[in-house]
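Peer 1: Once you've had a glance at the structure underneath, I'll fire off some questions.
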There are 2 protein chains.
Amino acid sequence: MKNSLLKNLTKIKARKIENSFLIEGFSLIETALKSKRLLLNHLIVTDRIFSRYQGFINGIGNEKIFFVTEEIIKKLSFTKTPQGIIASVTYNSSTLDSIDFKTIPLLLIIDGISDPGNLGSLIRTAEVFGVDALIILPDSCDVFSDKVIRASAGSLFHLPIIFCGYDEIIKYLNTKGFYNIITVPSDGCEIWRFNFNSPLAITLGNESRGISKPMMNSSVYRLTIPIKGNADSLNVAVAGSIILYEIAKQRNLLKCGK
Amino acid sequence: MKNSLLKNLTKIKARKIENSFLIEGFSLIETALKSKRLLLNHLIVTDRIFSRYQGFINGIGNEKIFFVTEEIIKKLSFTKTPQGIIASVTYNSSTLDSIDFKTIPLLLIIDGISDPGNLGSLIRTAEVFGVDALIILPDSCDVFSDKVIRASAGSLFHLPIIFCGYDEIIKYLNTKGFYNIITVPSDGCEIWRFNFNSPLAITLGNESRGISKPMMNSSVYRLTIPIKGNADSLNVAVAGSIILYEIAKQRNLLKCGK
């Protein structure tokens, strides 16, 4: 492998090239390459792994495949015991106008979530319960970091992701007639009493600061997940997941069995 | 600080003394010390922090307080920028027979969950939705690790925790007439159709292996959270939280506002 390529991959690993990132491990890479939104730049593999995934690797253009030593894989890997296969990809961000709504629109707005585990877990849930697109507002954690990708279990590659400013999303929601909904720890409408059969945008805020001022001020609807007794609030990924579940359930989207 | 104490605390930090662990940061320590199940061994503080929490610290027996340098706090801390206050505590484990059920019993059984973030988040949700006690089965991650404590946001100190073998818990559930429930990704009973008005034990399994054989074989009831379309399964902390929410909702335990 040329030194210039290794340098480039190291930059990508450190997320210093916009929208480019590394994906590690066979099953995540396989899922990722099915996504229309991802462009494969390089597939980095060790000899050890080649024999195992020969069929898959041979299906990829020769000019994109690079065989490397265990030492180089270790440098690029996020784990202590690398599997031996890493892809360098570029994400083609979506725009608000290109969202393909299937039934009644449902947007999930990430308003400053800082924990990658929370964000990844929410993205996984968003796919399961039929969110159409994910809106990422300023001050949210890096959606293309290894931790988010892992926690999302591949769902990151199935959902359109749109990076947005506050003004842009607020204008969009107003123009398109979305219900702009935030969740509050208490005194909002009980989530099971709300009528979810309109276009919805659910905003989830930062773990400690909560919802940002612009989103707070622009929102009309406040929902609360009721709790028992004096217990404290829920984790943001759990709260968001319960709301997405209630919406999908009320909209009759959920099915048991395959 | 004596060398022997520092050695002891280092062992406790590494979780080499059963049921003893460190808690870092004022608000977690304050919550922890209200718990009847925790015994404070030592409170380690820097001069810098003393002035800020003087009232609190003075309320604790002098013989338990140790002033240390920033250097020693750094050695004991789990974070890069320590707050300057760490407690060494011992947990007094509960037993199955000592559980204090308030209304219809609800147990959460942790059957090999390996991610501390998932376990902590579940413990936080368990408190919010009225779980009576947490049962920890073999091969689960360390419930007293710093990551679990942080993710549980203090709920760990409010819930009775019982360490159990498979035989012991299965015998207990059978004898006491509990519904022994596991969740399966598909073809179980849709969670909103199940009647939750009996004593319940919900078992959540490992992130990749799922439910253990003994629990799988002993359980009669299988629940499924229905999902939309072809999406993959939910994260275990999210799945568990949605089930606990449905149970609390059906049992009419949830209230909005304080």
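Labels used: A, B, ... for chains in the order of the structure tokens, numbers from 1 for residues in each chain, and numbers from 1 for ligands as shown.
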Would you give me, as a VMD selection string, the residues of chain B that come within 7 Å of chain A, using only C-alpha atoms?
Peer 2: chain B and resid 121 124 to 125 127 to 130 186 to 187 190 224 226 to 228 231 to 232 234 to 235 238 241 to 242 253 to 257
Peer 1: If you count only C-alpha atoms, which residues fall within 10 Å of Leu33 (chain B), apart from same-chain ones fewer than 4 positions away, as a list in words?
Peer 2: Leu28, Ile29, Arg37, Leu38, Leu39, Leu40, Ala87, Val89 and Phe157 of chain B
Peer 1: Store the residues picked out above in a file with C-alpha atoms, as a compact mmCIF listing (two decimals), in the first residue's frame.
Peer 2:
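Saved to out31.txt:
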# COMPACT_ATOMS: atom_id res chain seq x y z
CA LEU B 28 -24.04 10.16 42.12
CA ILE B 29 -22.41 9.90 45.56
CA ARG B 37 -28.07 -1.05 50.62
CA LEU B 38 -24.77 0.81 50.42
CA LEU B 39 -22.16 1.12 53.15
CA LEU B 40 -19.72 3.99 52.77
CA ALA B 87 -16.56 7.27 47.38
CA VAL B 89 -18.65 1.69 49.05
CA PHE B 157 -28.83 2.55 44.06
Peer 1: Tell me, which residues of region 27-198 of chain A carry DSSP alpha helix (DSSP H), written as a CSV table (one decimal) with C-alpha atoms, in the first residue's frame?
Peer 2:
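Saved as states-v1.csv:
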chain,number,residue,atom,x,y,z
A,27,SER,CA,-21.4,-7.9,8.0
A,28,LEU,CA,-21.5,-4.0,8.4
A,29,ILE,CA,-19.6,-3.6,5.1
A,30,GLU,CA,-21.9,-6.0,3.3
A,31,THR,CA,-24.9,-4.0,4.6
A,32,ALA,CA,-23.3,-0.7,3.7
A,33,LEU,CA,-22.5,-1.6,0.1
A,47,ASP,CA,-4.6,-12.2,3.3
A,48,ARG,CA,-6.0,-14.0,6.3
A,49,ILE,CA,-9.5,-12.6,5.7
A,50,PHE,CA,-9.4,-13.0,1.9
A,54,GLN,CA,-13.3,-14.5,-1.4
A,55,GLY,CA,-16.6,-14.5,-3.2
A,56,PHE,CA,-17.6,-11.2,-1.8
A,57,ILE,CA,-14.3,-9.5,-2.3
A,58,ASN,CA,-14.0,-10.8,-5.9
A,70,GLU,CA,-1.9,-7.2,10.0
A,71,GLU,CA,0.1,-4.3,11.2
A,72,ILE,CA,-1.6,-1.8,8.9
A,73,ILE,CA,-5.0,-3.2,9.6
A,74,LYS,CA,-4.3,-2.6,13.3
A,75,LYS,CA,-3.5,1.0,12.6
A,76,LEU,CA,-6.8,1.6,10.8
A,116,PRO,CA,-22.7,7.9,20.2
A,117,GLY,CA,-24.4,4.9,21.8
A,118,ASN,CA,-27.6,6.8,22.2
A,119,LEU,CA,-27.6,8.1,18.7
A,120,GLY,CA,-26.7,4.7,17.2
A,121,SER,CA,-29.4,3.0,19.2
A,122,LEU,CA,-32.0,5.6,18.1
A,123,ILE,CA,-31.1,5.2,14.4
A,124,ARG,CA,-31.6,1.4,14.8
A,125,THR,CA,-35.0,2.0,16.4
A,126,ALA,CA,-35.9,4.6,13.8
A,127,GLU,CA,-35.5,2.1,11.0
A,128,VAL,CA,-37.5,-0.6,12.9
A,146,ASP,CA,-17.4,4.0,14.5
A,147,LYS,CA,-19.4,3.9,17.8
A,148,VAL,CA,-22.6,5.3,16.1
A,149,ILE,CA,-22.2,2.9,13.1
A,150,ARG,CA,-21.8,-0.1,15.4
A,151,ALA,CA,-24.7,0.9,17.7
A,152,SER,CA,-27.0,1.5,14.7
A,166,TYR,CA,-32.4,25.3,12.6
A,167,ASP,CA,-33.9,27.9,10.3
A,168,GLU,CA,-33.9,25.5,7.3
A,169,ILE,CA,-35.7,22.7,9.2
A,170,ILE,CA,-38.2,25.0,11.0
A,171,LYS,CA,-39.1,26.6,7.7
A,172,TYR,CA,-39.5,23.2,6.0
A,173,LEU,CA,-41.8,21.8,8.8
A,174,ASN,CA,-44.0,24.9,8.7
A,175,THR,CA,-44.3,25.0,4.9
A,176,LYS,CA,-45.0,21.3,4.6
Peer 1: Check the smallest atom-to-atom distance from each of B:Asp111, B:Asp97, B:Asp142, B:Asp132 to Arg209 (chain B) using only C-alpha atoms, then report the winner.
Peer 2: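 Of B:Asp111, B:Asp97, B:Asp142, B:Asp132, the one nearest Arg209 (chain B) is B:Asp111, counting only C-alpha atoms.
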Peer 1: Do you have the CA of Pro214 (chain B)-CA of Pro199 (chain B) distance handy?
Peer 2: 20.2 Å
Peer 1: May I have all residues of region 151-192 of chain A that DSSP, computed from the backbone, assigns to strand (DSSP E), given as an MDAnalysis selection string?
Peer 2: chainID A and resid 161:163 179:183 189:190
Peer 1: Pick from B:Cys141, B:Ile65, B:Ile85, B:Ile162: nearest to Leu22 (chain B), with only C-alpha atoms counted?
Peer 2: B:Ile85
Peer 1: Which polymer residues have any atom within 12 Å of an atom of Tyr179 (chain B), counting only C-alpha atoms, with same-chain residues fewer than 6 positions away left out, as a ChimeraX atom specification?
Peer 2: /B:104-108,170,172-173,194-203,218-223
Peer 1: Those same residues - N, CA and C atoms - I'd like them written as a tab-separated table (two decimals), in the first residue's frame.
Peer 2:
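Final output, saved to out_33.tsv:
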chain	number	residue	atom	x	y	z
B	104	ILE	N	-48.57	-5.44	42.05
B	104	ILE	CA	-48.39	-6.74	41.39
B	104	ILE	C	-46.90	-6.89	41.08
B	105	PRO	N	-46.27	-7.98	41.53
B	105	PRO	CA	-44.81	-8.12	41.37
B	105	PRO	C	-44.33	-8.02	39.93
B	106	LEU	N	-43.17	-7.39	39.77
B	106	LEU	CA	-42.52	-7.27	38.46
B	106	LEU	C	-41.01	-7.38	38.66
B	107	LEU	N	-40.43	-8.45	38.11
B	107	LEU	CA	-38.98	-8.65	38.19
B	107	LEU	C	-38.37	-8.50	36.81
B	108	LEU	N	-37.17	-7.91	36.77
B	108	LEU	CA	-36.42	-7.84	35.51
B	108	LEU	C	-35.20	-8.74	35.66
B	170	ILE	N	-35.28	-20.02	38.67
B	170	ILE	CA	-36.37	-20.79	38.03
B	170	ILE	C	-37.26	-21.43	39.09
B	172	TYR	N	-37.65	-20.37	42.14
B	172	TYR	CA	-38.37	-19.28	42.79
B	172	TYR	C	-39.60	-18.86	41.98
B	173	LEU	N	-39.40	-18.65	40.68
B	173	LEU	CA	-40.52	-18.20	39.82
B	173	LEU	C	-41.64	-19.23	39.80
B	194	PHE	N	-50.94	-9.10	25.49
B	194	PHE	CA	-50.70	-9.96	26.66
B	194	PHE	C	-51.33	-9.31	27.90
B	195	ASN	N	-51.88	-10.14	28.75
B	195	ASN	CA	-52.45	-9.64	30.00
B	195	ASN	C	-51.36	-9.61	31.08
B	196	PHE	N	-50.97	-8.39	31.47
B	196	PHE	CA	-49.83	-8.24	32.39
B	196	PHE	C	-50.25	-8.18	33.86
B	197	ASN	N	-51.52	-8.48	34.16
B	197	ASN	CA	-51.98	-8.32	35.54
B	197	ASN	C	-51.76	-9.52	36.44
B	198	SER	N	-50.61	-10.18	36.27
B	198	SER	CA	-50.18	-11.25	37.17
B	198	SER	C	-48.74	-10.95	37.58
B	199	PRO	N	-48.21	-11.66	38.57
B	199	PRO	CA	-46.79	-11.46	38.89
B	199	PRO	C	-45.94	-11.84	37.67
B	200	LEU	N	-45.04	-10.94	37.27
B	200	LEU	CA	-44.29	-11.14	36.04
B	200	LEU	C	-42.78	-11.15	36.28
B	201	ALA	N	-42.08	-11.97	35.52
B	201	ALA	CA	-40.62	-11.89	35.44
B	201	ALA	C	-40.27	-11.81	33.96
B	202	ILE	N	-39.61	-10.70	33.58
B	202	ILE	CA	-39.23	-10.49	32.17
B	202	ILE	C	-37.73	-10.78	32.05
B	203	THR	N	-37.37	-11.73	31.20
B	203	THR	CA	-35.96	-12.05	31.01
B	203	THR	C	-35.45	-11.44	29.71
B	218	SER	N	-37.16	-22.92	30.56
B	218	SER	CA	-38.08	-22.81	31.70
B	218	SER	C	-39.26	-21.89	31.40
B	219	SER	N	-39.13	-21.09	30.34
B	219	SER	CA	-40.16	-20.09	30.09
B	219	SER	C	-41.29	-20.65	29.24
B	220	VAL	N	-42.51	-20.24	29.56
B	220	VAL	CA	-43.68	-20.69	28.81
B	220	VAL	C	-44.16	-19.59	27.87
B	221	TYR	N	-43.98	-18.32	28.28
B	221	TYR	CA	-44.56	-17.20	27.54
B	221	TYR	C	-43.52	-16.50	26.68
B	222	ARG	N	-43.84	-16.32	25.41
B	222	ARG	CA	-42.95	-15.64	24.47
B	222	ARG	C	-43.64	-14.41	23.92
B	223	LEU	N	-43.02	-13.27	24.10
B	223	LEU	CA	-43.58	-12.01	23.61
B	223	LEU	C	-42.73	-11.46	22.48
Peer 1: From the list B:Ser4, B:Ser98, B:Asn41, B:Asn180, which residue is nearest Leu204 (chain B) when using only C-alpha atoms?
Peer 2: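 Using only C-alpha atoms, the shortest distance to Leu204 (chain B) belongs to B:Asn180.
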Peer 1: Separation of CA of Phe163 (chain A) and CA of Leu43 (chain A), in Å?
Peer 2: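 Pair CA of Phe163 (chain A) / CA of Leu43 (chain A) returns 26.5 Å.
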Peer 1: Would you compute the distance between CA of Gln83 (chain A) and CA of Val143 (chain A)? Give it in Å to one decimal.
Peer 2: 22.5 Å
Peer 1: Env of Ile17 (chain A): 10 Å cut, atoms = only C-alpha atoms, seq-sep filter 6 positions within chain, self excluded. Answer as a VMD selection string.
Peer 2: chain A and resid 8 to 9 11 90
Peer 1: Next, the residues of the selection above should be written as a compact mmCIF listing (two decimals), in the first residue's frame with all heavy atoms.
Peer 2:
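Done, and the output landed in selection30.txt:
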# COMPACT_ATOMS: atom_id res chain seq x y z
N ASN A 8 -4.12 9.07 3.70
CA ASN A 8 -5.50 9.44 3.40
C ASN A 8 -6.49 8.65 4.27
O ASN A 8 -7.43 9.21 4.85
CB ASN A 8 -5.74 9.17 1.91
CG ASN A 8 -7.12 9.59 1.46
OD1 ASN A 8 -8.03 8.77 1.45
ND2 ASN A 8 -7.30 10.87 1.15
N LEU A 9 -6.24 7.35 4.41
CA LEU A 9 -7.14 6.52 5.23
C LEU A 9 -7.08 6.91 6.70
O LEU A 9 -8.08 6.86 7.41
CB LEU A 9 -6.77 5.03 5.06
CG LEU A 9 -7.07 4.42 3.69
CD1 LEU A 9 -6.45 3.04 3.57
CD2 LEU A 9 -8.57 4.35 3.44
N LYS A 11 -6.52 9.88 7.80
CA LYS A 11 -7.33 11.11 7.90
C LYS A 11 -8.81 10.76 7.95
O LYS A 11 -9.58 11.36 8.69
CB LYS A 11 -7.09 11.97 6.64
CG LYS A 11 -6.04 13.04 6.80
CD LYS A 11 -6.12 13.99 5.61
CE LYS A 11 -4.97 14.95 5.58
NZ LYS A 11 -4.92 15.66 4.28
N THR A 90 -17.65 7.03 1.08
CA THR A 90 -18.11 8.42 1.11
C THR A 90 -19.64 8.42 1.06
O THR A 90 -20.24 7.69 0.28
CB THR A 90 -17.54 9.21 -0.07
OG1 THR A 90 -16.12 9.20 0.05
CG2 THR A 90 -18.01 10.66 -0.05
